[in-house]
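Structure data follow from protein.tsv (TSV, C-alpha atoms):
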```tsv
chain	number	residue	atom	x	y	z
A	18	MET	CA	13.40	8.01	-7.03
A	19	TYR	CA	16.27	10.45	-7.03
A	20	SER	CA	16.30	12.76	-4.04
A	21	PHE	CA	14.79	16.24	-4.20
A	22	GLU	CA	13.79	19.11	-1.96
A	23	TYR	CA	10.06	19.29	-1.22
A	24	HIS	CA	8.14	22.54	-0.82
A	25	ARG	CA	4.53	23.25	0.03
A	26	PRO	CA	3.83	26.91	-0.81
A	27	GLU	CA	0.66	28.61	0.42
A	28	SER	CA	0.20	31.13	-2.38
A	29	ILE	CA	0.70	31.37	-6.12
A	30	ALA	CA	3.36	34.04	-5.55
A	31	GLN	CA	5.27	31.72	-3.20
A	32	ALA	CA	5.00	28.84	-5.66
A	33	THR	CA	6.31	30.80	-8.63
A	34	ALA	CA	9.08	32.37	-6.52
A	35	LEU	CA	10.24	28.93	-5.37
A	36	ARG	CA	10.20	27.74	-8.95
A	37	ALA	CA	12.26	30.71	-10.11
A	38	GLU	CA	14.85	30.33	-7.34
A	39	ALA	CA	15.40	26.59	-7.60
A	40	GLU	CA	17.87	25.05	-9.96
A	41	ASP	CA	15.46	22.71	-11.74
A	42	ALA	CA	12.10	22.68	-9.99
A	43	ILE	CA	8.84	21.06	-11.03
A	44	TYR	CA	5.25	21.67	-9.90
A	45	LEU	CA	3.43	18.73	-8.32
A	46	ALA	CA	-0.35	18.69	-8.81
A	47	GLY	CA	-2.07	15.32	-8.25
A	48	GLY	CA	1.10	13.37	-8.99
A	49	GLN	CA	-0.53	10.55	-10.95
A	50	THR	CA	1.89	11.06	-13.82
A	51	LEU	CA	4.75	12.83	-12.06
A	52	ILE	CA	5.23	10.34	-9.21
A	53	PRO	CA	5.41	7.26	-11.50
A	54	THR	CA	7.83	9.27	-13.68
A	55	LEU	CA	10.02	10.07	-10.68
A	56	LYS	CA	9.89	6.46	-9.51
A	57	GLN	CA	11.17	5.28	-12.87
A	58	ARG	CA	13.93	7.90	-12.67
A	59	LEU	CA	12.74	9.44	-15.91
A	60	ALA	CA	12.92	12.85	-14.27
A	61	ALA	CA	15.34	14.26	-11.71
A	62	PRO	CA	14.08	17.64	-10.50
A	63	SER	CA	16.10	19.41	-7.83
A	64	ASP	CA	12.91	20.64	-6.16
A	65	VAL	CA	9.29	19.48	-6.12
A	66	ILE	CA	6.72	22.22	-5.46
A	67	ASP	CA	3.48	20.72	-4.14
A	68	LEU	CA	0.53	22.94	-5.16
A	69	SER	CA	-2.06	21.15	-3.03
A	70	ARG	CA	-2.13	23.79	-0.28
A	71	VAL	CA	-2.26	26.84	-2.55
A	72	PRO	CA	-5.70	28.36	-1.94
A	73	GLY	CA	-7.95	29.21	-4.88
A	74	LEU	CA	-6.60	26.64	-7.31
A	75	ALA	CA	-9.41	24.10	-6.87
A	76	GLY	CA	-13.09	24.44	-7.53
A	77	ILE	CA	-15.80	24.59	-10.17
A	78	GLU	CA	-17.65	27.78	-11.08
A	79	LEU	CA	-20.58	27.92	-13.46
A	80	LYS	CA	-20.83	31.20	-15.40
A	81	SER	CA	-23.40	32.24	-17.99
A	82	ASP	CA	-21.32	31.15	-20.98
A	83	CYS	CA	-18.60	28.92	-19.54
A	84	VAL	CA	-17.56	26.58	-16.75
A	85	VAL	CA	-14.39	27.62	-14.94
A	86	ILE	CA	-12.48	24.74	-13.36
A	87	GLY	CA	-9.50	25.32	-11.08
A	88	ALA	CA	-6.25	23.62	-12.02
A	89	MET	CA	-6.12	21.53	-8.82
A	90	THR	CA	-9.66	20.19	-9.21
A	91	ARG	CA	-9.55	16.39	-9.13
A	92	HIS	CA	-11.03	14.33	-11.96
A	93	ALA	CA	-13.49	12.70	-9.53
A	94	GLU	CA	-14.85	16.12	-8.57
A	95	VAL	CA	-15.45	17.09	-12.20
A	96	ALA	CA	-17.03	13.70	-12.91
A	97	ALA	CA	-19.40	14.08	-9.94
A	98	SER	CA	-20.13	17.79	-10.34
A	99	ALA	CA	-23.83	18.63	-10.80
A	100	GLU	CA	-22.86	21.99	-12.37
A	101	VAL	CA	-20.60	20.40	-14.98
A	102	ALA	CA	-23.19	17.67	-15.66
A	103	ARG	CA	-25.81	20.33	-16.30
A	104	ALA	CA	-23.68	22.72	-18.40
A	105	ILE	CA	-21.33	20.37	-20.30
A	106	PRO	CA	-22.34	16.76	-19.59
A	107	ALA	CA	-19.74	15.48	-22.07
A	108	LEU	CA	-16.99	17.04	-19.91
A	109	ALA	CA	-18.24	15.32	-16.75
A	110	PHE	CA	-18.44	12.07	-18.73
A	111	LEU	CA	-14.86	12.51	-19.99
A	112	ALA	CA	-13.55	13.11	-16.46
A	113	GLY	CA	-15.22	9.88	-15.32
A	114	GLU	CA	-13.44	7.96	-18.10
A	115	ILE	CA	-9.92	8.98	-17.05
A	116	GLY	CA	-7.73	6.20	-15.68
A	117	ASP	CA	-9.40	4.40	-12.78
A	118	ALA	CA	-11.18	5.45	-9.59
A	119	GLN	CA	-8.00	5.86	-7.54
A	120	VAL	CA	-6.33	7.93	-10.27
A	121	ARG	CA	-9.46	10.12	-10.55
A	122	ASN	CA	-9.37	10.73	-6.79
A	123	ARG	CA	-5.87	12.24	-7.07
A	124	GLY	CA	-5.29	13.41	-10.64
A	125	THR	CA	-6.06	17.02	-11.52
A	126	LEU	CA	-7.23	18.97	-14.56
A	127	GLY	CA	-4.22	21.30	-14.49
A	128	GLY	CA	-1.72	18.49	-14.12
A	129	SER	CA	-3.17	16.62	-17.05
A	130	VAL	CA	-3.38	19.60	-19.41
A	131	ALA	CA	0.00	21.09	-18.48
A	132	ASN	CA	1.67	17.73	-19.12
A	133	SER	CA	0.28	17.39	-22.67
A	134	ASP	CA	0.52	13.62	-22.65
A	135	PRO	CA	-0.43	12.49	-26.17
A	136	SER	CA	-2.97	10.00	-24.76
A	137	ALA	CA	-4.54	12.10	-22.01
A	138	ASP	CA	-8.29	12.67	-22.18
A	139	TYR	CA	-8.71	16.29	-21.04
A	140	PRO	CA	-6.77	17.86	-23.95
A	141	ALA	CA	-9.47	16.58	-26.36
A	142	ALA	CA	-12.09	18.61	-24.45
A	143	VAL	CA	-9.82	21.65	-24.15
A	144	ILE	CA	-9.45	21.66	-27.95
A	145	GLY	CA	-12.99	20.49	-28.76
A	146	LEU	CA	-14.62	23.17	-26.63
A	147	GLY	CA	-12.11	25.87	-27.57
A	148	ALA	CA	-11.26	26.44	-23.90
A	149	THR	CA	-9.10	29.21	-22.50
A	150	ILE	CA	-6.13	28.26	-20.34
A	151	VAL	CA	-5.56	30.75	-17.53
A	152	THR	CA	-2.10	31.05	-15.99
A	153	ASP	CA	-0.50	33.25	-13.35
A	154	ARG	CA	0.46	35.68	-16.10
A	155	ARG	CA	-1.89	35.41	-19.13
A	156	ARG	CA	-4.74	33.71	-20.94
A	157	ILE	CA	-3.97	31.20	-23.70
A	158	ALA	CA	-6.41	29.97	-26.37
A	159	ALA	CA	-6.70	26.19	-26.63
A	160	ASP	CA	-5.63	26.29	-30.29
A	161	ASP	CA	-2.31	27.88	-29.26
A	162	PHE	CA	-1.65	25.75	-26.19
A	163	PHE	CA	-0.59	22.23	-27.18
A	164	HIS	CA	2.70	22.34	-29.09
A	165	ASP	CA	4.06	18.80	-29.19
A	166	LEU	CA	4.72	15.64	-27.19
A	167	PHE	CA	4.72	16.88	-23.54
A	168	GLU	CA	5.23	20.43	-24.84
A	169	THR	CA	2.85	23.31	-24.36
A	170	ALA	CA	2.82	27.10	-24.62
A	171	LEU	CA	3.63	27.31	-20.90
A	172	GLU	CA	6.90	29.13	-20.30
A	173	ALA	CA	9.41	28.14	-17.64
A	174	GLY	CA	7.77	28.51	-14.24
A	175	GLU	CA	4.41	29.62	-15.66
A	176	LEU	CA	1.62	28.19	-13.52
A	177	LEU	CA	-1.64	26.97	-15.00
A	178	THR	CA	-4.33	28.17	-12.56
A	179	ALA	CA	-7.69	27.42	-14.24
A	180	ILE	CA	-9.38	26.51	-17.49
A	181	GLU	CA	-12.52	28.15	-18.87
A	182	PHE	CA	-14.65	25.74	-20.90
A	183	PRO	CA	-17.25	27.46	-23.14
A	184	ILE	CA	-20.70	25.89	-22.85
A	185	ALA	CA	-21.57	24.20	-26.14
A	186	LYS	CA	-25.10	23.68	-27.35
A	187	ARG	CA	-24.30	19.99	-27.22
A	188	ALA	CA	-21.12	17.91	-27.10
A	189	ALA	CA	-19.90	14.34	-26.84
A	190	TYR	CA	-16.67	12.44	-26.14
A	191	CYS	CA	-15.84	8.97	-27.42
A	192	LYS	CA	-12.62	7.16	-26.77
A	193	PHE	CA	-11.02	3.85	-27.55
A	194	PRO	CA	-9.24	3.10	-24.29
A	195	ASN	CA	-6.13	1.03	-23.91
A	196	PRO	CA	-7.61	-1.87	-21.94
A	197	ALA	CA	-4.77	-1.92	-19.43
A	198	SER	CA	-3.96	1.73	-18.79
A	199	ARG	CA	-7.35	3.27	-19.76
A	200	TYR	CA	-5.41	5.96	-21.61
A	201	ALA	CA	-7.00	6.98	-24.93
A	202	VAL	CA	-5.52	5.11	-27.89
A	203	VAL	CA	-7.69	7.67	-29.68
A	204	GLY	CA	-10.32	9.97	-28.19
A	205	VAL	CA	-12.52	12.46	-30.04
A	206	PHE	CA	-14.44	15.33	-28.46
A	207	ALA	CA	-17.04	16.94	-30.73
A	208	ALA	CA	-18.89	20.13	-29.78
A	209	ASP	CA	-21.71	21.94	-31.55
A	210	PHE	CA	-21.90	25.66	-30.90
A	211	GLY	CA	-25.04	26.14	-32.99
A	212	GLY	CA	-23.81	25.68	-36.53
A	213	LYS	CA	-20.12	25.91	-35.67
A	214	VAL	CA	-18.64	22.50	-34.89
A	215	ARG	CA	-15.31	21.90	-33.19
A	216	VAL	CA	-13.56	18.52	-33.04
A	217	GLY	CA	-10.65	17.83	-30.69
A	218	VAL	CA	-8.58	14.66	-31.07
A	219	THR	CA	-6.29	13.06	-28.50
A	220	GLY	CA	-4.18	9.90	-28.62
A	221	ALA	CA	-3.55	10.02	-32.36
A	222	GLY	CA	-0.77	12.58	-32.77
A	223	PRO	CA	2.12	13.89	-30.67
A	224	CYS	CA	-0.36	16.14	-28.85
A	225	ALA	CA	-4.08	16.96	-28.98
A	226	PHE	CA	-5.19	18.80	-32.12
A	227	ARG	CA	-8.22	20.10	-34.03
A	228	ALA	CA	-9.50	17.86	-36.79
A	229	THR	CA	-10.24	20.75	-39.14
A	230	ALA	CA	-11.15	18.56	-42.13
A	231	ILE	CA	-13.75	16.75	-40.03
A	232	GLU	CA	-15.00	20.07	-38.68
A	233	ALA	CA	-15.47	21.36	-42.23
A	234	ALA	CA	-17.42	18.26	-43.26
A	235	LEU	CA	-19.61	18.45	-40.17
A	236	GLY	CA	-20.11	22.18	-40.76
A	237	LYS	CA	-21.78	21.32	-44.06
A	238	LYS	CA	-23.89	18.58	-42.57
A	239	LEU	CA	-23.88	17.58	-38.89
A	240	ASP	CA	-24.20	13.87	-39.45
A	241	ALA	CA	-21.92	10.92	-38.68
A	242	LYS	CA	-21.92	9.94	-42.36
A	243	SER	CA	-20.26	13.28	-43.20
A	244	VAL	CA	-17.05	11.92	-41.64
A	245	ASP	CA	-16.85	9.03	-44.14
A	246	ALA	CA	-15.61	11.18	-47.01
A	247	VAL	CA	-12.94	12.96	-44.95
A	248	GLU	CA	-9.36	11.95	-45.59
A	249	ILE	CA	-7.51	11.52	-42.28
A	250	GLU	CA	-3.86	12.39	-42.74
A	251	TYR	CA	-1.64	10.33	-40.47
A	252	ASP	CA	1.93	11.28	-41.45
A	253	ARG	CA	2.63	12.59	-37.95
A	254	PHE	CA	0.48	10.10	-36.04
A	255	ASN	CA	1.88	7.94	-33.26
A	256	SER	CA	2.82	4.38	-34.06
A	257	ASP	CA	3.57	2.01	-31.19
A	258	LEU	CA	2.87	-1.50	-29.94
A	259	HIS	CA	-0.72	-0.51	-29.17
A	260	ALA	CA	-1.66	0.80	-32.61
A	261	SER	CA	-0.04	1.78	-35.91
A	262	ALA	CA	-0.48	5.30	-37.29
A	263	GLU	CA	-2.79	3.95	-39.98
A	264	TYR	CA	-4.93	2.14	-37.41
A	265	ARG	CA	-5.10	5.30	-35.32
A	266	ALA	CA	-6.31	7.21	-38.40
A	267	ASN	CA	-9.14	4.72	-38.72
A	268	LEU	CA	-9.91	5.10	-35.01
A	269	VAL	CA	-10.12	8.88	-35.44
A	270	ARG	CA	-12.81	8.35	-38.05
A	271	VAL	CA	-14.71	5.75	-36.01
A	272	MET	CA	-14.52	7.72	-32.75
A	273	ALA	CA	-15.52	10.94	-34.55
A	274	LYS	CA	-18.56	9.22	-36.03
A	275	ARG	CA	-19.55	7.77	-32.66
A	276	ALA	CA	-19.07	11.15	-31.01
A	277	VAL	CA	-21.31	12.81	-33.60
A	278	GLU	CA	-23.97	10.13	-33.19
A	279	LYS	CA	-23.82	10.57	-29.44
A	280	LEU	CA	-23.90	14.36	-29.73
A	281	LEU	CA	-27.00	14.25	-31.95
A	282	THR	CA	-28.88	12.15	-29.41
A	283	ALA	CA	-27.62	14.12	-26.40
B	26	MET	CA	11.31	16.27	6.94
B	27	LYS	CA	8.60	15.86	9.59
B	28	VAL	CA	5.23	14.47	8.54
B	29	SER	CA	2.22	14.10	10.84
B	30	LEU	CA	-0.53	11.80	9.73
B	31	THR	CA	-3.44	10.01	11.31
B	32	VAL	CA	-3.55	6.34	10.41
B	33	ASN	CA	-6.57	4.28	11.44
B	34	GLY	CA	-7.44	6.94	13.99
B	35	ARG	CA	-4.00	7.14	15.57
B	36	ARG	CA	-1.66	10.07	15.05
B	37	HIS	CA	1.91	9.39	13.96
B	38	ASP	CA	4.82	11.78	13.56
B	39	VAL	CA	7.47	10.44	11.23
B	40	ASP	CA	10.72	11.86	9.93
B	41	VAL	CA	11.12	10.97	6.27
B	42	ALA	CA	13.12	11.87	3.19
B	43	PRO	CA	11.05	13.99	0.75
B	44	ASN	CA	11.04	11.16	-1.82
B	45	THR	CA	9.44	8.64	0.58
B	46	LEU	CA	6.20	7.07	-0.62
B	47	LEU	CA	3.14	6.79	1.61
B	48	VAL	CA	3.12	3.01	1.20
B	49	ASP	CA	6.67	2.78	2.54
B	50	VAL	CA	5.71	4.74	5.65
B	51	LEU	CA	2.68	2.49	6.19
B	52	ARG	CA	4.57	-0.76	5.72
B	53	GLY	CA	8.13	0.07	6.75
B	54	ARG	CA	7.64	2.59	9.55
B	55	LEU	CA	4.26	1.73	10.99
B	56	GLY	CA	4.36	-2.02	10.34
B	57	LEU	CA	1.00	-1.99	8.59
B	58	THR	CA	1.87	-4.67	6.06
B	59	GLY	CA	-1.72	-5.42	5.11
B	60	THR	CA	-1.30	-2.80	2.40
B	61	HIS	CA	0.52	-4.62	-0.39
B	62	VAL	CA	2.87	-3.48	-3.13
B	63	GLY	CA	2.07	-5.41	-6.29
B	64	CYS	CA	3.31	-3.62	-9.38
B	65	ASP	CA	4.88	-0.45	-7.93
B	66	THR	CA	3.93	1.25	-11.23
B	67	SER	CA	0.52	2.63	-10.23
B	68	GLN	CA	-1.48	0.02	-12.08
B	69	CYS	CA	-2.47	-2.91	-9.87
B	70	GLY	CA	-4.15	-1.17	-6.93
B	71	ALA	CA	-2.92	-3.67	-4.29
B	72	CYS	CA	-1.64	-0.66	-2.30
B	73	THR	CA	-5.02	1.09	-2.21
B	74	VAL	CA	-5.82	2.92	1.03
B	75	HIS	CA	-8.29	5.67	1.92
B	76	LEU	CA	-6.92	9.19	2.06
B	77	ASP	CA	-9.41	11.51	3.74
B	78	GLY	CA	-12.08	8.97	2.85
B	79	ARG	CA	-11.29	8.35	-0.82
B	80	SER	CA	-9.38	5.46	-2.38
B	81	VAL	CA	-5.86	6.23	-3.59
B	82	LYS	CA	-2.84	4.19	-4.63
B	83	SER	CA	-0.42	4.65	-1.76
B	84	CYS	CA	2.52	3.81	-4.05
B	85	THR	CA	1.66	6.96	-6.03
B	86	VAL	CA	1.42	9.42	-3.16
B	87	LEU	CA	4.38	10.99	-1.37
B	88	ALA	CA	4.34	10.79	2.41
B	89	ALA	CA	4.96	14.54	2.38
B	90	GLN	CA	1.67	15.11	0.55
B	91	VAL	CA	-0.40	13.55	3.33
B	92	ASP	CA	0.92	15.75	6.13
B	93	GLY	CA	-2.12	16.50	8.28
B	94	ALA	CA	-4.34	14.00	6.48
B	95	ALA	CA	-6.22	10.92	7.67
B	96	VAL	CA	-5.35	7.53	6.20
B	97	THR	CA	-7.30	4.31	6.62
B	98	THR	CA	-5.69	0.99	5.77
B	99	ILE	CA	-7.10	-2.54	5.66
B	100	GLU	CA	-6.08	-2.91	9.34
B	101	GLY	CA	-8.38	-0.03	10.24
B	102	ILE	CA	-11.71	-1.23	8.93
B	103	GLY	CA	-12.45	-4.38	10.93
B	104	SER	CA	-10.97	-7.01	13.20
B	105	PRO	CA	-10.88	-10.82	13.05
B	106	ASP	CA	-13.76	-10.88	15.54
B	107	ALA	CA	-15.75	-8.12	13.90
B	108	LEU	CA	-15.15	-8.13	10.16
B	109	HIS	CA	-16.18	-5.15	8.08
B	110	PRO	CA	-19.26	-6.09	6.00
B	111	MET	CA	-17.05	-5.98	2.88
B	112	GLN	CA	-14.55	-8.38	4.44
B	113	ALA	CA	-17.39	-10.67	5.51
B	114	ALA	CA	-18.83	-10.61	1.99
B	115	PHE	CA	-15.43	-11.47	0.47
B	116	ARG	CA	-15.23	-14.47	2.81
B	117	ASP	CA	-18.81	-15.57	2.20
B	118	CYS	CA	-18.51	-15.32	-1.59
B	119	HIS	CA	-15.05	-16.92	-1.88
B	120	ALA	CA	-13.88	-13.63	-3.40
B	121	LEU	CA	-10.21	-14.36	-2.86
B	122	GLN	CA	-7.84	-16.97	-4.12
B	123	CYS	CA	-4.20	-16.13	-3.31
B	124	GLY	CA	-5.37	-13.04	-1.39
B	125	PHE	CA	-2.64	-10.70	-2.56
B	126	CYS	CA	-4.97	-8.17	-4.20
B	127	THR	CA	-7.64	-8.51	-1.50
B	128	PRO	CA	-6.70	-5.57	0.78
B	129	GLY	CA	-6.68	-3.18	-2.19
B	130	MET	CA	-9.87	-4.68	-3.61
B	131	ILE	CA	-11.65	-4.25	-0.28
B	132	MET	CA	-10.51	-0.64	0.18
B	133	SER	CA	-11.58	0.25	-3.38
B	134	ALA	CA	-14.86	-1.58	-2.98
B	135	ILE	CA	-15.73	0.27	0.24
B	136	ASP	CA	-15.14	3.63	-1.48
B	137	LEU	CA	-17.25	2.41	-4.41
B	138	VAL	CA	-20.20	1.35	-2.24
B	139	GLN	CA	-20.02	4.60	-0.26
B	140	ASN	CA	-19.85	6.89	-3.28
B	141	VAL	CA	-21.69	5.29	-6.19
B	142	GLU	CA	-25.47	5.01	-6.17
B	143	ASN	CA	-27.50	2.12	-7.55
B	144	LEU	CA	-24.55	-0.22	-7.93
B	145	ASP	CA	-24.94	-3.00	-10.45
B	146	GLU	CA	-22.51	-5.50	-11.94
B	147	ARG	CA	-21.32	-3.11	-14.67
B	148	LYS	CA	-20.70	-0.28	-12.20
B	149	VAL	CA	-18.76	-2.60	-9.88
B	150	ARG	CA	-16.58	-3.85	-12.73
B	151	GLU	CA	-15.90	-0.28	-13.89
B	152	GLY	CA	-15.33	0.89	-10.32
B	153	LEU	CA	-12.69	-1.78	-9.76
B	154	GLU	CA	-10.77	-1.08	-12.98
B	155	GLY	CA	-7.88	0.18	-10.86
B	156	ASN	CA	-7.46	-3.15	-9.08
B	157	LEU	CA	-5.96	-6.19	-10.74
B	158	CYS	CA	-6.38	-9.78	-9.48
B	159	ARG	CA	-3.57	-12.01	-10.68
B	160	CYS	CA	-5.70	-15.09	-10.05
B	161	THR	CA	-8.36	-13.53	-12.33
B	162	GLY	CA	-11.01	-14.20	-9.71
B	163	TYR	CA	-13.13	-11.23	-10.64
B	164	HIS	CA	-16.48	-12.99	-10.80
B	165	ASN	CA	-16.76	-13.68	-7.09
B	166	ILE	CA	-15.22	-10.32	-6.21
B	167	VAL	CA	-18.03	-8.56	-8.07
B	168	LYS	CA	-20.56	-10.82	-6.34
B	169	ALA	CA	-19.07	-9.98	-2.93
B	170	VAL	CA	-19.15	-6.23	-3.55
B	171	LEU	CA	-22.81	-6.38	-4.62
B	172	ASN	CA	-23.64	-8.50	-1.56
B	173	ALA	CA	-21.79	-6.11	0.77
B	174	ALA	CA	-23.56	-3.13	-0.80
B	175	GLU	CA	-26.83	-4.60	0.51
B	176	SER	CA	-25.61	-4.74	4.08
B	177	MET	CA	-23.53	-1.55	4.28
```

Kindly return the structure encoded in the file as structure tokens.
Amino acid sequence: MYSFEYHRPESIAQATALRAEAEDAIYLAGGQTLIPTLKQRLAAPSDVIDLSRVPGLAGIELKSDCVVIGAMTRHAEVAASAEVARAIPALAFLAGEIGDAQVRNRGTLGGSVANSDPSADYPAAVIGLGATIVTDRRRIAADDFFHDLFETALEAGELLTAIEFPIAKRAAYCKFPNPASRYAVVGVFAADFGGKVRVGVTGAGPCAFRATAIEAALGKKLDAKSVDAVEIEYDRFNSDLHASAEYRANLVRVMAKRAVEKLLTA
Amino acid sequence: MKVSLTVNGRRHDVDVAPNTLLVDVLRGRLGLTGTHVGCDTSQCGACTVHLDGRSVKSCTVLAAQVDGAAVTTIEGIGSPDALHPMQAAFRDCHALQCGFCTPGMIMSAIDLVQNVENLDERKVREGLEGNLCRCTGYHNIVKAVLNAAESM
């Protein structure tokens, strides 16, 4: 690890001020991506701003039409939350599928979503449920949030504080995990809002996206077989040693079908 | 920078560089070498310790982050004369071969037994996904965890 200055602010205002003043600062949430990245010297921030002692950034709140989850809420807390299990069981399930137990005890919702890793699980739910990303300065719709590989709508220093997940009538998440890392080679989150279906895909492209063609097919008939006729375009899909773009396209179809089957029996 | 942490019930004040890992404080500063570094890339789980009661990979936590926290390592759960039930179960079931992954396995398994209800073989295998055994001795490890769950 390169050396850096470490800060532990006790308010959002302090955190954003530190970020603005420093030469090249980075926020530290749970650290399950950032610390391995620092160890491999793939990043060299001048300052690391640890958000763990900022009050109000962690917690789960159930509202009438959505579940609000604080950015610093750990995956294990979401996976074990009775409120989330009651309102959006597919979201609790997804959180319990992330990485492994130790990673889930440290990793956070905000860290995962702000990083926009192409294989992270949470972005599929953010897109699939049409969530709203809340920051220290504005609210961002899920459809406008993920821009590219590790790139989001967040501006320099903008701090993700919470995410509001609308409560779907029913939803399901299916992923094909990399057997070593547990990252999603492809993951599909399908949500039914009573006639309107949303489908979020992670792992396949440079960042999570809506599978609008699948949504249209499912809008006509909410049945796994509806996905068969959909053409999955894979021009911009990832191709690596784990899976070719073409193979990922097939996984999108298979995971979407499984998610729909699961959703219909939920 | 100054970091105060409680390890196995004893408070320690250490002066570290901000980029120091928790595992390096445990092993290098406090001499608690029961916590192993296997992969150093956050995958193998040999460095697993309890941070405020939950299992974490100490190679993926900065020492600075645990200021004020309580850490339990393999040295803190039992003694040669009075093994922790999980340690006893690992011995009884031959759940270790070379032993390198064992401290991490035991720390993960204790968290698992304490926090997951109605453990069965599938839940143990899923719960230990973050711990790799290079001898591939998983079968007896799973057996040991299920046995220990009975007596814990």

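Closest approach to chain B among A:Gln57, A:Thr90, A:Thr178, A:Ser261 is made by A:Gln57 (distances from all atoms listed in the file).
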
Residues of chain B at most 6 Å from chain A: nearest atom pair and distance in Å, only C-alpha atoms, as a tab-separated table:
```
residue	atom	partner	partner_atom	distance
B:Pro43	CA	A:Tyr23	CA	5.7
B:Asn44	CA	A:Ser20	CA	5.9
B:Ser80	CA	A:Gln119	CA	5.4
B:Val81	CA	A:Gln119	CA	4.5
B:Thr85	CA	A:Ile52	CA	5.9
B:Glu154	CA	A:Asp117	CA	5.7
B:Gly155	CA	A:Asp117	CA	4.9
```

To one decimal place in Å, what is the distance between CA of Leu121 (chain B) and CA of Lys168 (chain B)? 11.5 Å

Residues near region 95-109 of chain B, anyone? I mean within 10 Å using all atoms listed in the file, not counting same-chain ones fewer than 2 positions away, as JSON, numbers by chain. {"B": [29, 30, 31, 32, 33, 34, 35, 36, 47, 51, 57, 58, 59, 60, 61, 72, 73, 74, 75, 76, 77, 78, 79, 80, 81, 83, 91, 92, 93, 111, 112, 113, 114, 115, 116, 127, 128, 129, 130, 131, 132, 135, 173, 177]}

Distance cut-off 9 Å, centre (-16.3, 27.0, -28.6) in file coordinates, counting all atoms listed in the file: which residues qualify? Return them as a PyMOL selection string. chain A and resi 144-148+182-185+208-210+213-215

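The interatomic distance for the pair CA of Cys118 (chain B) and CA of Val149 (chain B) works out to 15.2 Å.
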
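For the pair CA of Gly220 (chain A) and CA of Thr169 (chain A), the interatomic distance is 15.7 Å.
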
Can you tell me which residues surround Leu281 (chain A) at a distance of at most 9 Å, considering only C-alpha atoms, apart from same-chain residues fewer than 3 positions away, and format the answer as a list in words? Arg187, Ala188, Ala189, Leu239, Asp240, Ala276, Val277 and Glu278 of chain A

Would you mind exporting C-alpha atoms of the selected residues as a JSON list (two decimals), in the coordinates of the input?
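out-v6.json, written as the output of this step:
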```json
[["chain", "number", "residue", "atom", "x", "y", "z"],
["A", 187, "ARG", "CA", -24.30, 19.99, -27.22],
["A", 188, "ALA", "CA", -21.12, 17.91, -27.10],
["A", 189, "ALA", "CA", -19.90, 14.34, -26.84],
["A", 239, "LEU", "CA", -23.88, 17.58, -38.89],
["A", 240, "ASP", "CA", -24.20, 13.87, -39.45],
["A", 276, "ALA", "CA", -19.07, 11.15, -31.01],
["A", 277, "VAL", "CA", -21.31, 12.81, -33.60],
["A", 278, "GLU", "CA", -23.97, 10.13, -33.19]]
```
